Amino acid sequence: MKGLFKKLVGLTALSSLLVLSACGGTGEQAGSDSEGGNGEVVKADVGVVSFITGSGAAYGEAITGGLKLAQEEINAKGEVEINLIFEDSAGKQDQALTAAQKLINSDNVTAIIGPTLSTEMNVVGPEADLSGVPIIGTSTTAEGIPQIGDYVFRNSIPEALAIPASMEKAVEKYDAKKVALMYGNDDVFTKSGFDTMKKTAEEMGLEILTIETFQKGQSDYNAQLTKIKNYNPDLILASALYNEGAVIMDQARKMGIDVPFVGGNGFNSPEVIKIAGDSSNGLIVATPWYGEKDDPKVQEFVKKFEDEHGKTPDQFAAQAYDALYILANALKNAGEADRDKVRAALAETKDFEGILGNFSFDEEGDVLMDPTVLVIEDGAFKVFE
């Protein structure tokens with residue numbers, strides 16, 4: 001049904017654009033200062049719901065940096081002019097929903113970027129979809145996010161695609177037979193990552209020795225790690241946000257656990273290295289982003305981001321950067337800042353060449369892209385061979 005709906009909306013939008021072109025007219029969304037058609041600049045307000053303060057503020061900082069850099073470049077080109085309106089979710093469902101509702105109820109807001117966490121998108125996505133506001137998750141990787149509705153998209157590789165890629169390479173490299181699992185059981189994102197890890201381990205015929213759980217903000221993992229150490233696994237599969245994940249690795253290494261960790265998407269942050277130091281070595285993750293890639297677009301982005309922020313951009317900055325470019329491309333193709341037409345244009349995104357690589361949306365608004373498997377060695381992410 002979703003694919004059929006998208007095709008119908010796409011045909012309607014195309015017909016509207018043809019009529020506008022033939023008549024030489026332009027269209028505007030009520031309350032918007034957008035200009036459409038005939039080569040004029042398409043102006044749009046884009047809302048952003050992000051994890052700006054609180055325990056996961058590094059996510060929000062990276063996302064904000066990536067968005068602002070893309071905004072500056074896009075506006076300078078003169079085809080699309082985007083005004084970003086930021087709202088802080090602090091990583092909380094209720095605050096994310098309140099922030100999103102504020103943006104949704106503004107007639108001038110054409111689309112929304114965010115929120116940061118899948119657990120936030122689970123409440124924000126339905127609201128945006130019901131209101132007919134296109135929304136793009138740049139870091140929401142839990143299963144089922146685009147299936148929330150026709151107006152919900154993401155450009156972040158889902159755990160269901162990334163985790164099997166990293167697990168397969170790790171199992172092959174270390175000839176692993178036995179694994180231990182750890183995950184945060186109070187978060188949709190980390191629970192979804194665990195589900196994928198468990199399913200993949202079972203499909204690969206791995207012996208699951210134990211499954212250990214924890215909560216956000218936990219600081220002592222001695223009980224879980226002692227149990228894991230006694231089982232002597234070949235690999236530890238962990239689904240966690242970077243704060244908890246880094247502490248888990250640090251405590252594990254101090255306890256003498258030296259086996260590799262395979263992490264979910266929450267580990268894809270330099271903050272893991274910053275917090276855990278040498279204890280982060282041996283962490284294996286899959287990601288669409290690799291800052292050392294020999295690609296002029298990638299290196300230009302890295303240089304600009306480093307010049308602006310004094311540090312290397314991570315996956316979350318890169319995904320946010322590409323997401324705004326994808327949205328800008330949809331605005332250009334739609335011809336005006338109209339929510340329905342932008343949604344239809346987003347759905348038609350195919351073979352977009354961004355800094356993450358070749359990107360397309362499938363018929364449900366999910367990602368079509370191949371991940372890269374990385375490992376932390378000597379305090380840096382490197383391609384896992």
# chains A, B, ... in the order shown; residues from 1 in each chain; ligands from 1
$ closest_atom_pairs --of "segment 284-317 of chain A" --to "segment 267-279 of chain A" --cutoff "8 Å" --atoms "only C-alpha atoms" --output "CSV"
residue,atom,partner,partner_atom,distance
A:Val285,CA,A:Asn268,CA,6.9
A:Thr287,CA,A:Asn268,CA,7.4
A:Asp314,CA,A:Ser269,CA,6.0
A:Gln315,CA,A:Asn268,CA,6.6
A:Phe316,CA,A:Ser269,CA,7.7
$ select_by_dssp --residues "segment 148-204 of chain A" --states "strand (DSSP E)" --output "VMD selection string"
chain A and resid 152 to 154 178 to 184
$ residues_around --residues "Pro126 of chain A" --least-positions-apart "5" --cutoff "12 Å" --atoms "only C-alpha atoms" --output "mmCIF file with C-alpha atoms, in the first residue's frame"
data_model
loop_
_atom_site.group_PDB
_atom_site.id
_atom_site.type_symbol
_atom_site.label_atom_id
_atom_site.label_comp_id
_atom_site.auth_asym_id
_atom_site.auth_seq_id
_atom_site.Cartn_x
_atom_site.Cartn_y
_atom_site.Cartn_z
ATOM 1 C CA LEU A 97 7.081 15.082 20.873
ATOM 2 C CA ALA A 100 7.951 18.202 16.985
ATOM 3 C CA GLN A 101 4.380 19.362 17.592
ATOM 4 C CA ILE A 104 4.369 20.603 12.846
ATOM 5 C CA GLU A 120 11.879 9.414 20.080
ATOM 6 C CA MET A 121 10.905 8.729 16.466
ATOM 7 C CA SER A 131 -0.138 15.764 9.994
ATOM 8 C CA GLY A 132 1.340 15.216 6.533
ATOM 9 C CA VAL A 133 4.800 16.590 7.363
ATOM 10 C CA PRO A 134 7.811 14.847 5.746
ATOM 11 C CA ILE A 135 10.290 13.762 8.408
ATOM 12 C CA GLY A 144 10.304 -0.420 11.597
ATOM 13 C CA ILE A 145 11.019 3.329 11.514
ATOM 14 C CA PRO A 146 10.066 4.072 7.854
ATOM 15 C CA GLN A 147 7.107 1.708 8.191
ATOM 16 C CA ILE A 148 5.538 4.176 10.652
ATOM 17 C CA GLY A 149 3.976 6.008 7.729
ATOM 18 C CA ASP A 150 4.218 7.438 4.231
ATOM 19 C CA TYR A 151 5.811 10.698 5.397
ATOM 20 C CA VAL A 152 8.554 9.008 7.460
ATOM 21 C CA PHE A 153 12.016 8.487 5.914
#
$ closest_residue --among "A:Gly137, A:Glu363, A:Leu225, A:Lys382" --to "Lys293 of chain A" --atoms "only C-alpha atoms"
A:Lys382
$ atom_distance --atom1 "atom CA of Glu143 of chain A" --atom2 "atom CA of Met204 of chain A"
19.9 Å
$ residues_around --residues "segment 345-352 of chain A" --least-positions-apart "3" --cutoff "6 Å" --atoms "only C-alpha atoms" --output "list in words"
Ala330, Ala334, Val342, Asn358, Phe359, Ser360 and Phe361 of chain A
$ write_last_selection --atoms "all heavy atoms" --output "compact mmCIF listing (two decimals), in the first residue's frame"
# COMPACT_ATOMS: atom_id res chain seq x y z
N ALA A 330 15.01 17.33 -3.00
CA ALA A 330 13.57 17.11 -3.09
C ALA A 330 12.82 18.45 -3.22
O ALA A 330 11.86 18.56 -3.99
CB ALA A 330 13.07 16.34 -1.87
N ALA A 334 10.53 19.39 -6.27
CA ALA A 334 9.13 19.71 -6.00
C ALA A 334 8.75 21.06 -6.56
O ALA A 334 7.60 21.29 -6.94
CB ALA A 334 8.85 19.67 -4.50
N VAL A 342 6.91 17.79 -1.57
CA VAL A 342 8.26 17.44 -1.09
C VAL A 342 8.30 15.98 -0.68
O VAL A 342 9.28 15.27 -0.98
CB VAL A 342 8.67 18.36 0.09
CG1 VAL A 342 9.95 17.85 0.75
CG2 VAL A 342 8.86 19.79 -0.40
N ASN A 358 26.55 6.12 -2.66
CA ASN A 358 25.36 6.10 -3.50
C ASN A 358 24.15 5.73 -2.66
O ASN A 358 24.11 4.67 -2.05
CB ASN A 358 25.55 5.12 -4.65
CG ASN A 358 24.39 5.14 -5.63
OD1 ASN A 358 23.35 4.55 -5.38
ND2 ASN A 358 24.57 5.82 -6.74
N PHE A 359 23.15 6.61 -2.66
CA PHE A 359 22.01 6.43 -1.77
C PHE A 359 20.70 6.48 -2.53
O PHE A 359 20.49 7.30 -3.43
CB PHE A 359 22.00 7.54 -0.70
CG PHE A 359 20.80 7.52 0.18
CD1 PHE A 359 20.78 6.75 1.33
CD2 PHE A 359 19.67 8.25 -0.15
CE1 PHE A 359 19.66 6.71 2.15
CE2 PHE A 359 18.54 8.23 0.66
CZ PHE A 359 18.54 7.46 1.81
N SER A 360 19.76 5.59 -2.13
CA SER A 360 18.40 5.60 -2.64
C SER A 360 17.44 5.26 -1.51
O SER A 360 17.82 4.60 -0.54
CB SER A 360 18.21 4.57 -3.77
OG SER A 360 19.06 4.83 -4.87
N PHE A 361 16.18 5.71 -1.65
CA PHE A 361 15.12 5.24 -0.77
C PHE A 361 14.42 4.06 -1.44
O PHE A 361 14.19 4.08 -2.65
CB PHE A 361 14.07 6.34 -0.53
CG PHE A 361 14.50 7.43 0.40
CD1 PHE A 361 14.47 8.76 -0.01
CD2 PHE A 361 14.92 7.14 1.70
CE1 PHE A 361 14.86 9.77 0.85
CE2 PHE A 361 15.31 8.15 2.56
CZ PHE A 361 15.28 9.47 2.14
$ closest_atom_pairs --of "segment 252-366 of chain A" --to "segment 57-77 of chain A" --cutoff "12 Å" --atoms "only C-alpha atoms" --output "CSV"
residue,atom,partner,partner_atom,distance
A:Asn265,CA,A:Tyr59,CA,11.7
A:Gly266,CA,A:Tyr59,CA,9.5
A:Phe267,CA,A:Tyr59,CA,11.0
A:Asn268,CA,A:Tyr59,CA,10.0
A:Ser269,CA,A:Tyr59,CA,8.0
A:Pro270,CA,A:Ala58,CA,9.3
A:Glu271,CA,A:Ala58,CA,7.5
A:Val272,CA,A:Ala58,CA,10.7
A:Lys274,CA,A:Ala58,CA,11.4
A:Ile275,CA,A:Ala58,CA,11.9
A:Glu300,CA,A:Leu69,CA,11.3
A:Phe301,CA,A:Leu69,CA,8.5
A:Val302,CA,A:Gly66,CA,10.2
A:Lys303,CA,A:Leu69,CA,11.3
A:Lys304,CA,A:Leu69,CA,8.0
A:Phe305,CA,A:Leu69,CA,7.4
A:Glu306,CA,A:Gly65,CA,10.2
A:Asp307,CA,A:Leu69,CA,11.1
A:Glu308,CA,A:Gly65,CA,8.5
A:His309,CA,A:Gly65,CA,7.8
A:Gly310,CA,A:Gly65,CA,11.3
A:Lys311,CA,A:Ala62,CA,10.1
A:Thr312,CA,A:Ala62,CA,9.7
A:Pro313,CA,A:Ala62,CA,7.0
A:Asp314,CA,A:Ala62,CA,7.0
A:Gln315,CA,A:Ala62,CA,8.4
A:Phe316,CA,A:Ile63,CA,5.5
A:Ala317,CA,A:Gly66,CA,4.4
A:Ala318,CA,A:Gly66,CA,6.0
A:Gln319,CA,A:Gly66,CA,7.7
A:Ala320,CA,A:Ile63,CA,5.4
A:Tyr321,CA,A:Gly66,CA,4.5
A:Asp322,CA,A:Ala70,CA,7.6
A:Ala323,CA,A:Leu67,CA,8.1
A:Leu324,CA,A:Leu67,CA,6.4
A:Tyr325,CA,A:Ala70,CA,6.7
A:Ile326,CA,A:Ala70,CA,10.3
A:Leu327,CA,A:Ile74,CA,10.5
A:Ala328,CA,A:Ile74,CA,7.4
A:Asn329,CA,A:Ile74,CA,9.6
A:Leu331,CA,A:Ile74,CA,11.4
A:Lys332,CA,A:Ile74,CA,11.0
A:Gly354,CA,A:Ala70,CA,11.3
A:Ile355,CA,A:Ala70,CA,11.2
$ atom_distance --atom1 "atom CA of Ala246 of chain A" --atom2 "atom CA of Asn230 of chain A"
21.1 Å
$ atom_distance --atom1 "atom CA of Glu353 of chain A" --atom2 "atom CA of Gly263 of chain A"
27.1 Å
$ residues_around --residues "Gly47 of chain A" --least-positions-apart "5" --cutoff "10 Å" --atoms "only C-alpha atoms" --output "PyMOL selection string"
chain A and resi 83-87+99-100+102-104+106+108-114+135
$ closest_residue --among "A:Asp175, A:Ser280, A:Thr213, A:Val80" --to "Tyr242 of chain A" --atoms "only C-alpha atoms"
A:Ser280
$ closest_residue --among "A:Leu117, A:Val41, A:Ile211, A:Val298" --to "Phe189 of chain A" --atoms "only C-alpha atoms"
A:Leu117
$ closest_residue --among "A:Glu40, A:Asp294, A:Glu159, A:Asp94" --to "Gly193 of chain A" --atoms "only C-alpha atoms"
A:Glu159
$ closest_residue --among "A:Asn155, A:Thr98, A:Ser89, A:Ser166" --to "Ala128 of chain A" --atoms "only C-alpha atoms"
A:Thr98
$ residues_around --residues "Lys229 of chain A" --least-positions-apart "5" --cutoff "9 Å" --atoms "only C-alpha atoms" --output "PDB file with C-alpha atoms, in the first residue's frame"
ATOM      1  CA  GLN A 224      27.368  -8.706  33.944  1.00  0.00           C
ATOM      2  CA  ALA A 252      35.773  -5.168  30.548  1.00  0.00           C
ATOM      3  CA  MET A 255      38.800  -7.049  34.239  1.00  0.00           C
ATOM      4  CA  GLY A 256      41.046  -8.827  31.749  1.00  0.00           C
ATOM      5  CA  ILE A 257      38.422  -9.423  29.053  1.00  0.00           C
TER       6      ILE A 257
END
$ select_by_dssp --residues "segment 204-321 of chain A" --states "helix (DSSP H, G or I)" --output "ChimeraX atom specification"
/A:222-231,242-254,265-267,270-280,296-309,315-321
